[in-house]
Each structure stands twice: as C-alpha cells, then as structure tokens.
>>> print(open('start-v2.txt').read())   # compact mmCIF, C-alpha atoms
# COMPACT_ATOMS: atom_id res chain seq x y z
CA MET A 1 0.00 0.00 0.00
CA PHE A 2 2.79 2.41 0.99
CA ARG A 3 4.73 1.71 -2.22
CA GLY A 4 1.60 2.37 -4.26
CA LYS A 5 1.06 5.76 -2.63
CA PHE A 6 4.75 6.56 -3.03
CA PHE A 7 4.53 5.74 -6.75
CA ILE A 8 1.41 7.90 -7.23
CA PHE A 9 3.14 10.81 -5.44
CA PHE A 10 6.10 10.71 -7.80
CA VAL A 11 3.93 10.35 -10.91
CA THR A 12 1.94 13.42 -9.81
CA LEU A 13 5.11 15.37 -9.01
CA PHE A 14 6.60 14.47 -12.39
CA ALA A 15 3.44 15.61 -14.16
CA LEU A 16 3.48 18.97 -12.34
CA VAL A 17 7.14 19.52 -13.15
CA GLY A 18 6.42 18.61 -16.77
CA CYS A 19 3.58 21.15 -16.93
CA ASN A 20 5.75 23.87 -15.43
CA SER A 21 8.56 23.08 -17.84
CA ALA A 22 6.16 23.21 -20.78
CA ALA A 23 4.80 26.56 -19.63
CA SER A 24 8.33 27.85 -19.17
CA GLY A 25 9.27 26.50 -22.57
CA ASP A 26 6.30 28.20 -24.20
CA LYS A 27 7.36 31.51 -22.68
CA GLU A 28 10.94 31.01 -23.82
CA ASN A 29 9.73 30.45 -27.38
CA THR A 30 7.90 33.77 -27.52
CA ILE A 31 9.30 37.03 -28.84
CA LYS A 32 10.54 39.21 -26.00
CA VAL A 33 9.07 42.70 -26.39
CA THR A 34 9.92 45.67 -24.20
CA THR A 35 7.99 48.93 -24.39
CA THR A 36 8.40 52.20 -22.57
CA ILE A 37 4.80 53.17 -21.79
CA ALA A 38 2.05 50.64 -21.05
CA GLN A 39 -0.19 52.03 -23.81
CA ILE A 40 2.25 50.64 -26.36
CA GLY A 41 2.59 47.44 -24.35
CA ASP A 42 -1.17 47.00 -24.68
CA ILE A 43 -0.89 47.18 -28.48
CA ALA A 44 1.91 44.59 -28.47
CA GLU A 45 -0.10 42.22 -26.27
CA ASN A 46 -3.23 42.52 -28.42
CA VAL A 47 -1.42 42.15 -31.73
CA GLY A 48 1.22 39.66 -30.59
CA GLY A 49 -1.04 37.46 -28.46
CA GLU A 50 0.62 34.26 -27.26
CA LYS A 51 3.50 34.77 -29.68
CA VAL A 52 5.00 37.53 -27.52
CA THR A 53 6.03 38.23 -23.95
CA VAL A 54 5.66 41.94 -23.22
CA GLU A 55 7.25 44.04 -20.51
CA SER A 56 6.51 47.76 -20.13
CA LEU A 57 9.00 49.84 -18.19
CA MET A 58 6.58 52.52 -16.99
CA GLY A 59 3.70 51.35 -14.83
CA PRO A 60 0.76 53.09 -13.12
CA GLY A 61 1.41 56.61 -11.86
CA ILE A 62 4.72 56.96 -13.71
CA ASP A 63 5.46 60.19 -15.55
CA PRO A 64 7.37 59.37 -18.79
CA HIS A 65 8.54 62.97 -19.22
CA LEU A 66 10.65 62.70 -16.06
CA TYR A 67 11.42 58.98 -16.14
CA GLN A 68 14.99 57.80 -15.73
CA ALA A 69 15.86 54.21 -16.61
CA SER A 70 17.09 51.96 -13.80
CA GLN A 71 19.68 49.18 -14.12
CA GLY A 72 16.77 46.74 -14.18
CA ASP A 73 15.28 48.61 -17.12
CA ILE A 74 18.58 48.43 -18.98
CA ARG A 75 18.59 44.65 -18.49
CA LYS A 76 15.03 44.40 -19.86
CA LEU A 77 15.99 46.46 -22.89
CA ASN A 78 19.11 44.34 -23.43
CA ASP A 79 17.11 41.11 -23.14
CA ALA A 80 14.40 42.26 -25.55
CA GLU A 81 14.34 41.11 -29.15
CA ILE A 82 12.38 44.20 -30.16
CA ILE A 83 11.71 47.53 -28.43
CA PHE A 84 8.80 49.89 -28.97
CA TYR A 85 8.67 53.44 -27.64
CA ASN A 86 6.52 56.48 -28.32
CA GLY A 87 9.12 58.97 -29.50
CA LEU A 88 8.31 62.61 -30.27
CA ARG A 89 10.41 63.38 -27.18
CA LEU A 90 7.98 61.78 -24.75
CA GLU A 91 10.74 59.70 -23.18
CA GLY A 92 13.13 62.66 -23.20
CA ARG A 93 15.55 61.36 -20.58
CA MET A 94 15.82 57.94 -22.24
CA GLY A 95 16.76 59.21 -25.69
CA ASP A 96 20.44 58.25 -25.54
CA ILE A 97 19.67 54.76 -24.22
CA LEU A 98 17.11 54.08 -26.93
CA ASN A 99 19.47 55.34 -29.63
CA LYS A 100 22.14 52.97 -28.33
CA MET A 101 19.73 50.03 -28.34
CA SER A 102 18.80 50.75 -31.96
CA GLU A 103 22.34 49.81 -32.97
CA SER A 104 21.81 46.15 -32.02
CA LYS A 105 18.07 45.41 -32.37
CA PRO A 106 14.81 46.77 -33.81
CA THR A 107 13.94 49.84 -31.72
CA ILE A 108 10.83 51.49 -33.08
CA ALA A 109 9.29 54.87 -32.27
CA VAL A 110 5.61 54.28 -33.02
CA GLY A 111 4.92 58.03 -32.96
CA GLU A 112 7.01 58.45 -36.08
CA ALA A 113 4.45 56.36 -37.98
CA VAL A 114 1.94 59.21 -37.69
CA PRO A 115 2.10 61.54 -40.72
CA THR A 116 3.76 64.80 -39.69
CA LYS A 117 0.87 66.85 -41.04
CA LEU A 118 -1.43 65.23 -38.45
CA LEU A 119 0.80 66.04 -35.49
CA LEU A 120 0.15 69.08 -33.26
CA GLU A 121 2.89 71.54 -32.40
CA ASP A 122 3.93 72.55 -28.92
CA ASP A 123 2.46 76.03 -28.31
CA ASP A 124 5.62 77.11 -26.49
CA GLU A 125 8.24 75.46 -28.72
CA THR A 126 7.14 75.24 -32.35
CA ASP A 127 10.03 72.95 -33.28
CA LYS A 128 8.56 70.25 -31.01
CA MET A 129 5.53 68.08 -31.61
CA ASP A 130 2.97 67.02 -29.04
CA PRO A 131 3.79 63.38 -28.17
CA HIS A 132 0.41 62.43 -26.62
CA ILE A 133 -0.92 60.79 -29.78
CA TRP A 134 -2.81 58.00 -27.96
CA PHE A 135 -5.57 60.47 -27.09
CA ASP A 136 -6.78 60.54 -30.70
CA ILE A 137 -7.76 57.00 -31.62
CA SER A 138 -7.53 57.77 -35.34
CA LEU A 139 -3.82 58.55 -34.79
CA TRP A 140 -3.25 55.62 -32.45
CA LEU A 141 -4.25 53.30 -35.28
CA PHE A 142 -0.97 54.25 -36.99
CA ALA A 143 0.85 52.96 -33.90
CA VAL A 144 -1.08 49.66 -34.08
CA GLU A 145 -0.09 49.23 -37.73
CA GLU A 146 3.54 50.02 -36.89
CA VAL A 147 3.66 47.37 -34.15
CA LYS A 148 1.97 44.82 -36.42
CA ASN A 149 4.34 45.49 -39.33
CA SER A 150 7.39 45.34 -37.07
CA LEU A 151 6.35 41.98 -35.59
CA ILE A 152 5.70 40.61 -39.08
CA GLU A 153 9.14 41.75 -40.20
CA LEU A 154 10.67 39.97 -37.21
CA ASP A 155 8.48 36.87 -37.42
CA GLY A 156 7.13 36.53 -40.95
CA GLU A 157 5.99 32.93 -40.45
CA ASN A 158 3.17 34.21 -38.23
CA ALA A 159 2.17 37.16 -40.41
CA ASP A 160 -1.45 36.01 -40.75
CA PHE A 161 -1.75 35.66 -36.98
CA TYR A 162 -0.58 39.24 -36.41
CA GLU A 163 -2.81 40.57 -39.21
CA GLU A 164 -5.91 38.91 -37.72
CA ASN A 165 -5.16 40.13 -34.19
CA ALA A 166 -4.49 43.67 -35.40
CA SER A 167 -7.75 43.73 -37.36
CA ALA A 168 -9.73 42.60 -34.31
CA TYR A 169 -8.05 45.20 -32.09
CA ILE A 170 -8.56 47.98 -34.63
CA LYS A 171 -12.26 47.11 -34.78
CA GLU A 172 -12.51 47.56 -30.99
CA LEU A 173 -10.65 50.86 -31.20
CA LYS A 174 -12.97 52.21 -33.88
CA GLU A 175 -16.01 51.23 -31.79
CA LEU A 176 -14.51 53.09 -28.83
CA ASP A 177 -13.88 56.13 -31.02
CA LYS A 178 -17.55 56.14 -32.00
CA TYR A 179 -18.58 55.77 -28.33
CA ALA A 180 -16.37 58.74 -27.35
CA LYS A 181 -17.91 61.02 -29.97
CA GLU A 182 -21.45 60.04 -28.98
CA GLN A 183 -20.81 60.61 -25.26
CA ILE A 184 -19.00 63.94 -25.66
CA SER A 185 -21.86 65.23 -27.80
CA ALA A 186 -24.11 64.92 -24.71
CA ILE A 187 -22.13 67.72 -23.00
CA PRO A 188 -23.57 71.20 -23.70
CA GLU A 189 -21.26 73.01 -26.12
CA GLU A 190 -20.49 75.84 -23.69
CA SER A 191 -19.38 73.27 -21.09
CA ARG A 192 -16.99 71.35 -23.34
CA VAL A 193 -13.92 72.75 -21.61
CA LEU A 194 -11.36 70.35 -20.17
CA VAL A 195 -8.97 71.77 -17.54
CA THR A 196 -6.17 69.47 -16.37
CA ALA A 197 -2.80 69.57 -14.64
CA HIS A 198 -0.71 69.51 -17.82
CA ASP A 199 -1.41 69.91 -21.50
CA ALA A 200 -1.70 66.22 -22.41
CA PHE A 201 -5.16 66.29 -23.98
CA LYS A 202 -4.74 68.51 -27.06
CA TYR A 203 -5.22 65.59 -29.45
CA PHE A 204 -8.26 64.56 -27.44
CA GLY A 205 -9.71 68.04 -27.77
CA GLU A 206 -9.11 68.12 -31.53
CA ALA A 207 -10.65 64.69 -32.04
CA TYR A 208 -13.72 65.11 -29.85
CA GLY A 209 -14.53 68.78 -30.02
CA MET A 210 -13.40 70.02 -26.63
CA GLU A 211 -11.46 73.10 -25.61
CA VAL A 212 -8.48 71.91 -23.61
CA THR A 213 -6.14 73.80 -21.31
CA GLY A 214 -3.47 72.58 -18.90
CA LEU A 215 -1.70 74.33 -16.07
CA GLN A 216 1.67 73.04 -17.28
CA GLY A 217 2.85 72.62 -20.85
CA LEU A 218 3.20 69.43 -22.88
CA SER A 219 5.94 68.18 -20.59
CA THR A 220 5.67 68.06 -16.82
CA ASP A 221 9.32 69.11 -16.89
CA ALA A 222 8.01 72.62 -17.55
CA GLU A 223 7.45 74.87 -14.56
CA PHE A 224 4.22 76.72 -13.90
CA GLY A 225 3.94 79.97 -12.01
CA LEU A 226 1.45 82.26 -10.33
CA ASN A 227 0.47 83.80 -13.67
CA ASP A 228 -0.44 80.36 -15.02
CA VAL A 229 -2.65 79.69 -12.01
CA ARG A 230 -4.33 83.10 -12.34
CA SER A 231 -4.94 82.54 -16.04
CA ILE A 232 -6.69 79.23 -15.39
CA ILE A 233 -8.75 80.76 -12.57
CA ASP A 234 -9.83 83.62 -14.88
CA LEU A 235 -10.98 81.05 -17.44
CA LEU A 236 -12.98 79.11 -14.85
CA VAL A 237 -14.72 82.23 -13.56
CA GLU A 238 -15.38 83.85 -16.95
CA ARG A 239 -16.71 80.66 -18.55
CA ASP A 240 -18.51 79.45 -15.42
CA ILE A 241 -16.70 76.09 -15.57
CA LYS A 242 -17.79 73.79 -12.77
CA ALA A 243 -15.16 71.02 -12.82
CA VAL A 244 -11.43 70.48 -13.31
CA PHE A 245 -9.54 67.20 -13.42
CA VAL A 246 -6.50 65.64 -11.76
CA GLU A 247 -4.21 63.17 -13.49
CA SER A 248 -3.07 59.79 -12.20
CA SER A 249 0.61 60.42 -12.93
CA ILE A 250 0.85 64.01 -11.61
CA SER A 251 0.56 65.54 -8.15
CA GLU A 252 -2.83 67.06 -7.34
CA ASP A 253 -1.22 70.12 -5.72
CA SER A 254 -1.37 72.34 -8.80
CA ILE A 255 -5.04 71.66 -9.51
CA ASN A 256 -5.93 72.06 -5.84
CA ALA A 257 -4.31 75.51 -5.95
CA VAL A 258 -6.57 76.41 -8.88
CA VAL A 259 -9.68 75.19 -7.03
CA LYS A 260 -8.82 77.24 -3.93
CA GLY A 261 -8.02 80.28 -6.05
CA ALA A 262 -11.38 80.06 -7.80
CA GLU A 263 -13.15 79.74 -4.46
CA SER A 264 -11.43 82.92 -3.26
CA ARG A 265 -13.06 84.64 -6.24
CA GLY A 266 -16.48 83.32 -5.21
CA HIS A 267 -16.56 80.60 -7.89
CA SER A 268 -17.11 77.01 -6.78
CA VAL A 269 -15.20 74.37 -8.74
CA GLU A 270 -15.20 70.63 -8.13
CA ILE A 271 -12.55 68.03 -8.87
CA GLY A 272 -14.40 66.19 -11.64
CA GLY A 273 -12.37 63.03 -11.17
CA GLU A 274 -9.03 61.46 -11.99
CA LEU A 275 -8.00 61.03 -15.60
CA TYR A 276 -5.33 58.72 -16.98
CA SER A 277 -2.98 60.78 -19.11
CA ASP A 278 0.63 59.62 -19.42
CA ALA A 279 0.11 56.32 -17.58
CA MET A 280 -2.59 53.66 -17.51
CA GLY A 281 -4.11 51.93 -14.48
CA THR A 282 -2.91 48.86 -12.60
CA LYS A 283 -2.24 45.73 -14.64
CA GLY A 284 -5.15 43.31 -14.46
CA THR A 285 -7.77 46.02 -13.92
CA GLU A 286 -10.06 47.58 -16.51
CA THR A 287 -8.06 50.81 -16.59
CA GLY A 288 -4.89 48.75 -16.98
CA THR A 289 -5.88 48.36 -20.65
CA TYR A 290 -5.92 51.08 -23.28
CA LEU A 291 -9.59 50.49 -24.06
CA GLY A 292 -10.57 50.57 -20.38
CA MET A 293 -8.43 53.63 -19.63
CA PHE A 294 -9.88 55.58 -22.55
CA ARG A 295 -13.47 54.66 -21.69
CA HIS A 296 -12.86 55.63 -18.04
CA ASN A 297 -11.64 59.05 -19.14
CA ILE A 298 -14.66 59.59 -21.39
CA ASP A 299 -17.15 58.57 -18.72
CA THR A 300 -15.41 60.68 -16.05
CA ILE A 301 -15.36 63.80 -18.23
CA VAL A 302 -18.95 63.40 -19.38
CA ASN A 303 -20.32 62.72 -15.89
CA ALA A 304 -18.61 65.83 -14.52
CA LEU A 305 -19.46 68.27 -17.32
CA LYS A 306 -22.82 67.10 -18.65
>>> encode(input="start-v2.txt", output="structure tokens")
Amino acid sequence: MFRGKFFIFFVTLFALVGCNSAASGDKENTIKVTTTIAQIGDIAENVGGEKVTVESLMGPGIDPHLYQASQGDIRKLNDAEIIFYNGLRLEGRMGDILNKMSESKPTIAVGEAVPTKLLLEDDDETDKMDPHIWFDISLWLFAVEEVKNSLIELDGENADFYEENASAYIKELKELDKYAKEQISAIPEESRVLVTAHDAFKYFGEAYGMEVTGLQGLSTDAEFGLNDVRSIIDLLVERDIKAVFVESSISEDSINAVVKGAESRGHSVEIGGELYSDAMGTKGTETGTYLGMFRHNIDTIVNALK
C-alpha cells in the first residue's frame, strides 16, 4: 500500500514539473518585447497574443517625461528582441539609451508612424511636436499598424496571426472612437472645456470637439507659475466652468491651488475626477488596458461636465 502511494506521489510530481517546464518552454519560445509606456505594451499584447512576452517599463502613476531608466530597465531592454517606444520626445531622458539600443536590435518609435501633417505643435516650442498621440484613436491606429508590421518583419511565419489580431483590435478601437464622440456630444457646447494639470489632452480636444487647457505645458518638466494659475482661474470664472480634473501620474497640488483660487473669487469648482494621461491603471484592472483607460476618461469627463 505504501509503495503504491509513493509511486502515485512521484507520478503526480513528475506531471506537475512537466507542466511547469512546458509553460516555461512556451514563454521562452515567444518574442521578448519591451515597451516604454504601457499604452504601447497594450498594443503589443493585443497584436502579438501568445507569440510575444511583453514588458513595459513605466507602470501606473509613472510620468514618462521625467522617467529615468534603472539598471533593471537596462537589463530588460538588453534582453528584448524588439523595443517599442513612443518617441516625439515623450521619453526625453531615455533618448540616448534608446538610440544605443537601436544599434543592435529593432527599436521602433511608433509616434514616427503618424504623418507629420497630423501632429500638433507645442504652443511654447514650435520645433517640437505634441507626443500624446494615444488620445486621438484615429492617430493611435498608426501605432497599431507600426507594431503589427514590425512583428511581421521579425516573425514573418506568423504574419497572418498578427494581421488577424491587429484587425480585431482595430475594430474595438474604432467602436470606442464612435462611443467617445457620442458621449462627448451629450455635454452642452459651452461646457466642453477640459482643464487638467498639464497639457496632455490637445489631441483629445481636436478629435472630440473640446477646448483643452493645462496648467503646465506638454511636458511636466516645464514649470508653472502664479500667472499660469491666475490665467486658469480667470478662465474658470469667466466661462462658469464647474469642474477640473486631476491626473493619475501628476501631483494634485497644482489643480488644488486652482480650485482654492477660484473659491477665493467666489466661484465654486469641483474636482471632476481622476484622468489617466501619461500612464494607464494597474495591470489586471479595466483601466490597466488602453480600451478601459480611454473609456474611463470619457465617462469621467462626461459625468462631470454634462
């Protein structure tokens, strides 16, 4: 009896080890993809499916404008077979590292796939383009195509697989784009004013018919002063705007200063909610996906301004 139980134990143990080894082997056979921001990681996961293993360097609450790569990040970039980043100076402090990586492996700036004529200029520095392209779904589709084409170039045997996945993802994105336009149209025209901590939503405003203003410029590296705060407060009072928004990757202090300043002028302003701008939500949650993050932003804006 004892020998029988002993035999069953080892058969079970062997089976478990075999399963773990198979799972490990499957992972080892995938293409190792590293991205800077999670929005791009989401594209790679949707297009690449089980053919890829994706790691994004910048998680929830991380500001890519100020991000500095750690030694662990360097290892992930070195281990990757292909790297995707936004470009357009979003990852400003990682520029040299990414340039170095491009010497030894495919290192693709998905933002460069967007036709230049569709990009928006920085109001303060006209030689720079606004990097926040993911806030206009019609532009983000160029990024999806760029990831798909790059994976096909690296792994041509699975071209049909990547084409099918990309088509399915693009369909979802177009449905979300339609949803966004329908929901924003429910906000009275005079109330379609979006005030945030930094100027990350210009593409969003262009795509969905909203006036957008941020306390800081395109990069959170830019400083804001008393005049910037006063200017925003004047706008809130003059236009009778009832809500402003905080961002998940930026301190609330600047927006709170605006709210208090408006109150001192006899104008009541609420925090309309938290928007995801430069970073998505926690992995495994709805806002940890691009589709979920974007829908959350739409619903938050509409509920506060409608």
>>> closest_atom_pairs(input="start-v2.txt", of="stretch 219-290 of chain A", to="stretch 48-60 of chain A", cutoff="6 Å", atoms="all atoms listed in the file", output="CSV")
residue,atom,partner,partner_atom,distance
A:Ala279,CA,A:Pro60,CA,5.5
A:Met280,CA,A:Pro60,CA,5.6
A:Gly281,CA,A:Pro60,CA,5.2
A:Thr282,CA,A:Pro60,CA,5.6
>>> atom_distance(input="start-v2.txt", atom1="atom CA of A:Lys100", atom2="atom CA of A:Ile83")
11.8 Å
>>> atom_distance(input="start-v2.txt", atom1="atom CA of A:Leu77", atom2="atom CA of A:Glu164")
27.5 Å
>>> residues_around(input="start-v2.txt", residues="A:Arg192", least_positions_apart="5", cutoff="12 Å", atoms="only C-alpha atoms", output="ChimeraX atom specification")
/A:183-187,204-206,208-213,239-244,301-306
>>> atom_distance(input="start-v2.txt", atom1="atom CA of A:Thr300", atom2="atom CA of A:Gly273")
6.2 Å
>>> closest_residue(input="start-v2.txt", among="A:Leu88, A:Ile37, A:Leu176, A:Val47", to="A:Ala159", atoms="only C-alpha atoms")
A:Val47
>>> closest_residue(input="start-v2.txt", among="A:Trp134, A:Tyr179, A:Tyr276, A:Tyr67", to="A:Val246", atoms="all atoms listed in the file")
A:Tyr276
>>> residues_near_point(input="start-v2.txt", point="(-4.5, 44.5, -40.4)", cutoff="9 Å", atoms="only C-alpha atoms", output="list in words")
Val144, Glu145, Lys148, Asn149, Tyr162, Glu163, Glu164, Asn165, Ala166, Ser167, Ala168 and Ile170 of chain A
>>> write_last_selection(input="start-v2.txt", atoms="C-alpha atoms", output="PDB file, in the coordinates of the input")
ATOM      1  CA  VAL A 144      -1.080  49.660 -34.080  1.00  0.00           C
ATOM      2  CA  GLU A 145      -0.090  49.230 -37.730  1.00  0.00           C
ATOM      3  CA  LYS A 148       1.970  44.820 -36.420  1.00  0.00           C
ATOM      4  CA  ASN A 149       4.340  45.490 -39.330  1.00  0.00           C
ATOM      5  CA  TYR A 162      -0.580  39.240 -36.410  1.00  0.00           C
ATOM      6  CA  GLU A 163      -2.810  40.570 -39.210  1.00  0.00           C
ATOM      7  CA  GLU A 164      -5.910  38.910 -37.720  1.00  0.00           C
ATOM      8  CA  ASN A 165      -5.160  40.130 -34.190  1.00  0.00           C
ATOM      9  CA  ALA A 166      -4.490  43.670 -35.400  1.00  0.00           C
ATOM     10  CA  SER A 167      -7.750  43.730 -37.360  1.00  0.00           C
ATOM     11  CA  ALA A 168      -9.730  42.600 -34.310  1.00  0.00           C
ATOM     12  CA  ILE A 170      -8.560  47.980 -34.630  1.00  0.00           C
TER      13      ILE A 170
END
>>> closest_residue(input="start-v2.txt", among="A:Glu91, A:Glu81, A:Glu286, A:Glu103", to="A:Leu66", atoms="only C-alpha atoms")
A:Glu91
>>> residues_around(input="start-v2.txt", residues="stretch 257-264 of chain A", least_positions_apart="4", cutoff="8 Å", atoms="all atoms listed in the file", output="list of chain:residue names")
A:Val229, A:Arg230, A:Ile232, A:Ile233, A:Leu236, A:Val237, A:Asp253, A:Ser268, A:Val269, A:Glu270, A:Ile271
>>> closest_residue(input="start-v2.txt", among="A:Phe84, A:Phe201, A:Phe294, A:Tyr169", to="A:Val33", atoms="all atoms listed in the file")
A:Phe84
>>> closest_residue(input="start-v2.txt", among="A:Ile152, A:Glu45, A:Asp130, A:Thr196", to="A:Ser248", atoms="only C-alpha atoms")
A:Thr196
>>> residues_near_point(input="start-v2.txt", point="(14.2, 60.4, -26.7)", cutoff="12 Å", atoms="only C-alpha atoms", output="CSV table (one decimal) with C-alpha atoms, keeping the file's coordinate frame")
chain,number,residue,atom,x,y,z
A,36,THR,CA,8.4,52.2,-22.6
A,64,PRO,CA,7.4,59.4,-18.8
A,65,HIS,CA,8.5,63.0,-19.2
A,66,LEU,CA,10.6,62.7,-16.1
A,67,TYR,CA,11.4,59.0,-16.1
A,68,GLN,CA,15.0,57.8,-15.7
A,69,ALA,CA,15.9,54.2,-16.6
A,85,TYR,CA,8.7,53.4,-27.6
A,86,ASN,CA,6.5,56.5,-28.3
A,87,GLY,CA,9.1,59.0,-29.5
A,88,LEU,CA,8.3,62.6,-30.3
A,89,ARG,CA,10.4,63.4,-27.2
A,90,LEU,CA,8.0,61.8,-24.8
A,91,GLU,CA,10.7,59.7,-23.2
A,92,GLY,CA,13.1,62.7,-23.2
A,93,ARG,CA,15.6,61.4,-20.6
A,94,MET,CA,15.8,57.9,-22.2
A,95,GLY,CA,16.8,59.2,-25.7
A,96,ASP,CA,20.4,58.2,-25.5
A,97,ILE,CA,19.7,54.8,-24.2
A,98,LEU,CA,17.1,54.1,-26.9
A,99,ASN,CA,19.5,55.3,-29.6
A,100,LYS,CA,22.1,53.0,-28.3
A,101,MET,CA,19.7,50.0,-28.3
A,102,SER,CA,18.8,50.8,-32.0
A,107,THR,CA,13.9,49.8,-31.7
A,108,ILE,CA,10.8,51.5,-33.1
A,109,ALA,CA,9.3,54.9,-32.3
A,111,GLY,CA,4.9,58.0,-33.0
A,112,GLU,CA,7.0,58.4,-36.1
A,131,PRO,CA,3.8,63.4,-28.2
>>> closest_residue(input="start-v2.txt", among="A:Pro106, A:Ile133, A:Ser277, A:Ile62", to="A:Leu151", atoms="all atoms listed in the file")
A:Pro106
>>> decode(input="start-v2.txt", residues="stretch 190-199 of chain A", atoms="all heavy atoms", output="mmCIF file, in the first residue's frame")
data_model
loop_
_atom_site.group_PDB
_atom_site.id
_atom_site.type_symbol
_atom_site.label_atom_id
_atom_site.label_comp_id
_atom_site.auth_asym_id
_atom_site.auth_seq_id
_atom_site.Cartn_x
_atom_site.Cartn_y
_atom_site.Cartn_z
ATOM 1 N N GLU A 190 -21.178 74.836 -24.509
ATOM 2 C CA GLU A 190 -20.487 75.836 -23.690
ATOM 3 C C GLU A 190 -19.721 75.204 -22.529
ATOM 4 O O GLU A 190 -18.840 75.837 -21.931
ATOM 5 C CB GLU A 190 -21.485 76.870 -23.156
ATOM 6 C CG GLU A 190 -22.527 76.334 -22.168
ATOM 7 C CD GLU A 190 -23.760 75.760 -22.856
ATOM 8 O OE1 GLU A 190 -23.716 75.558 -24.093
ATOM 9 O OE2 GLU A 190 -24.751 75.513 -22.141
ATOM 10 N N SER A 191 -20.038 73.953 -22.209
ATOM 11 C CA SER A 191 -19.382 73.268 -21.091
ATOM 12 C C SER A 191 -18.278 72.321 -21.548
ATOM 13 O O SER A 191 -17.660 71.643 -20.715
ATOM 14 C CB SER A 191 -20.420 72.481 -20.283
ATOM 15 O OG SER A 191 -21.385 73.336 -19.734
ATOM 16 N N ARG A 192 -18.013 72.270 -22.834
ATOM 17 C CA ARG A 192 -16.986 71.352 -23.337
ATOM 18 C C ARG A 192 -15.593 71.966 -23.190
ATOM 19 O O ARG A 192 -14.879 72.238 -24.156
ATOM 20 C CB ARG A 192 -17.270 70.993 -24.797
ATOM 21 C CG ARG A 192 -18.526 70.162 -24.979
ATOM 22 C CD ARG A 192 -18.798 69.860 -26.439
ATOM 23 N NE ARG A 192 -20.186 69.429 -26.625
ATOM 24 C CZ ARG A 192 -20.778 69.294 -27.793
ATOM 25 N NH1 ARG A 192 -20.114 69.564 -28.909
ATOM 26 N NH2 ARG A 192 -22.044 68.915 -27.866
ATOM 27 N N VAL A 193 -15.223 72.174 -21.942
ATOM 28 C CA VAL A 193 -13.922 72.746 -21.605
ATOM 29 C C VAL A 193 -13.246 71.803 -20.611
ATOM 30 O O VAL A 193 -13.782 71.527 -19.539
ATOM 31 C CB VAL A 193 -14.057 74.150 -20.979
ATOM 32 C CG1 VAL A 193 -12.676 74.732 -20.680
ATOM 33 C CG2 VAL A 193 -14.852 75.061 -21.898
ATOM 34 N N LEU A 194 -12.080 71.318 -20.987
ATOM 35 C CA LEU A 194 -11.356 70.347 -20.173
ATOM 36 C C LEU A 194 -10.115 71.005 -19.579
ATOM 37 O O LEU A 194 -9.197 71.388 -20.297
ATOM 38 C CB LEU A 194 -10.954 69.141 -21.028
ATOM 39 C CG LEU A 194 -10.198 68.004 -20.343
ATOM 40 C CD1 LEU A 194 -11.052 67.360 -19.248
ATOM 41 C CD2 LEU A 194 -9.769 66.960 -21.381
ATOM 42 N N VAL A 195 -10.097 71.158 -18.248
ATOM 43 C CA VAL A 195 -8.970 71.774 -17.542
ATOM 44 C C VAL A 195 -8.250 70.692 -16.741
ATOM 45 O O VAL A 195 -8.844 70.027 -15.890
ATOM 46 C CB VAL A 195 -9.450 72.894 -16.600
ATOM 47 C CG1 VAL A 195 -8.265 73.491 -15.845
ATOM 48 C CG2 VAL A 195 -10.179 73.973 -17.393
ATOM 49 N N THR A 196 -6.960 70.511 -17.022
ATOM 50 C CA THR A 196 -6.168 69.471 -16.372
ATOM 51 C C THR A 196 -4.838 70.030 -15.873
ATOM 52 O O THR A 196 -4.520 71.197 -16.098
ATOM 53 C CB THR A 196 -5.893 68.317 -17.352
ATOM 54 O OG1 THR A 196 -5.199 68.836 -18.500
ATOM 55 C CG2 THR A 196 -7.181 67.648 -17.798
ATOM 56 N N ALA A 197 -4.062 69.144 -15.238
ATOM 57 C CA ALA A 197 -2.799 69.565 -14.637
ATOM 58 C C ALA A 197 -1.744 69.916 -15.673
ATOM 59 O O ALA A 197 -0.989 70.872 -15.507
ATOM 60 C CB ALA A 197 -2.273 68.470 -13.705
ATOM 61 N N HIS A 198 -1.665 69.147 -16.759
ATOM 62 C CA HIS A 198 -0.710 69.506 -17.821
ATOM 63 C C HIS A 198 -1.347 69.243 -19.176
ATOM 64 O O HIS A 198 -2.364 68.562 -19.297
ATOM 65 C CB HIS A 198 0.636 68.801 -17.631
ATOM 66 C CG HIS A 198 0.799 67.474 -18.300
ATOM 67 N ND1 HIS A 198 0.060 66.352 -17.957
ATOM 68 C CD2 HIS A 198 1.646 67.066 -19.284
ATOM 69 C CE1 HIS A 198 0.451 65.326 -18.693
ATOM 70 N NE2 HIS A 198 1.402 65.731 -19.508
ATOM 71 N N ASP A 199 -0.760 69.800 -20.191
ATOM 72 C CA ASP A 199 -1.413 69.905 -21.498
ATOM 73 C C ASP A 199 -1.263 68.616 -22.302
ATOM 74 O O ASP A 199 -0.680 68.596 -23.390
ATOM 75 C CB ASP A 199 -0.817 71.082 -22.267
ATOM 76 C CG ASP A 199 -1.775 71.632 -23.313
ATOM 77 O OD1 ASP A 199 -2.892 71.119 -23.408
ATOM 78 O OD2 ASP A 199 -1.389 72.577 -24.018
#
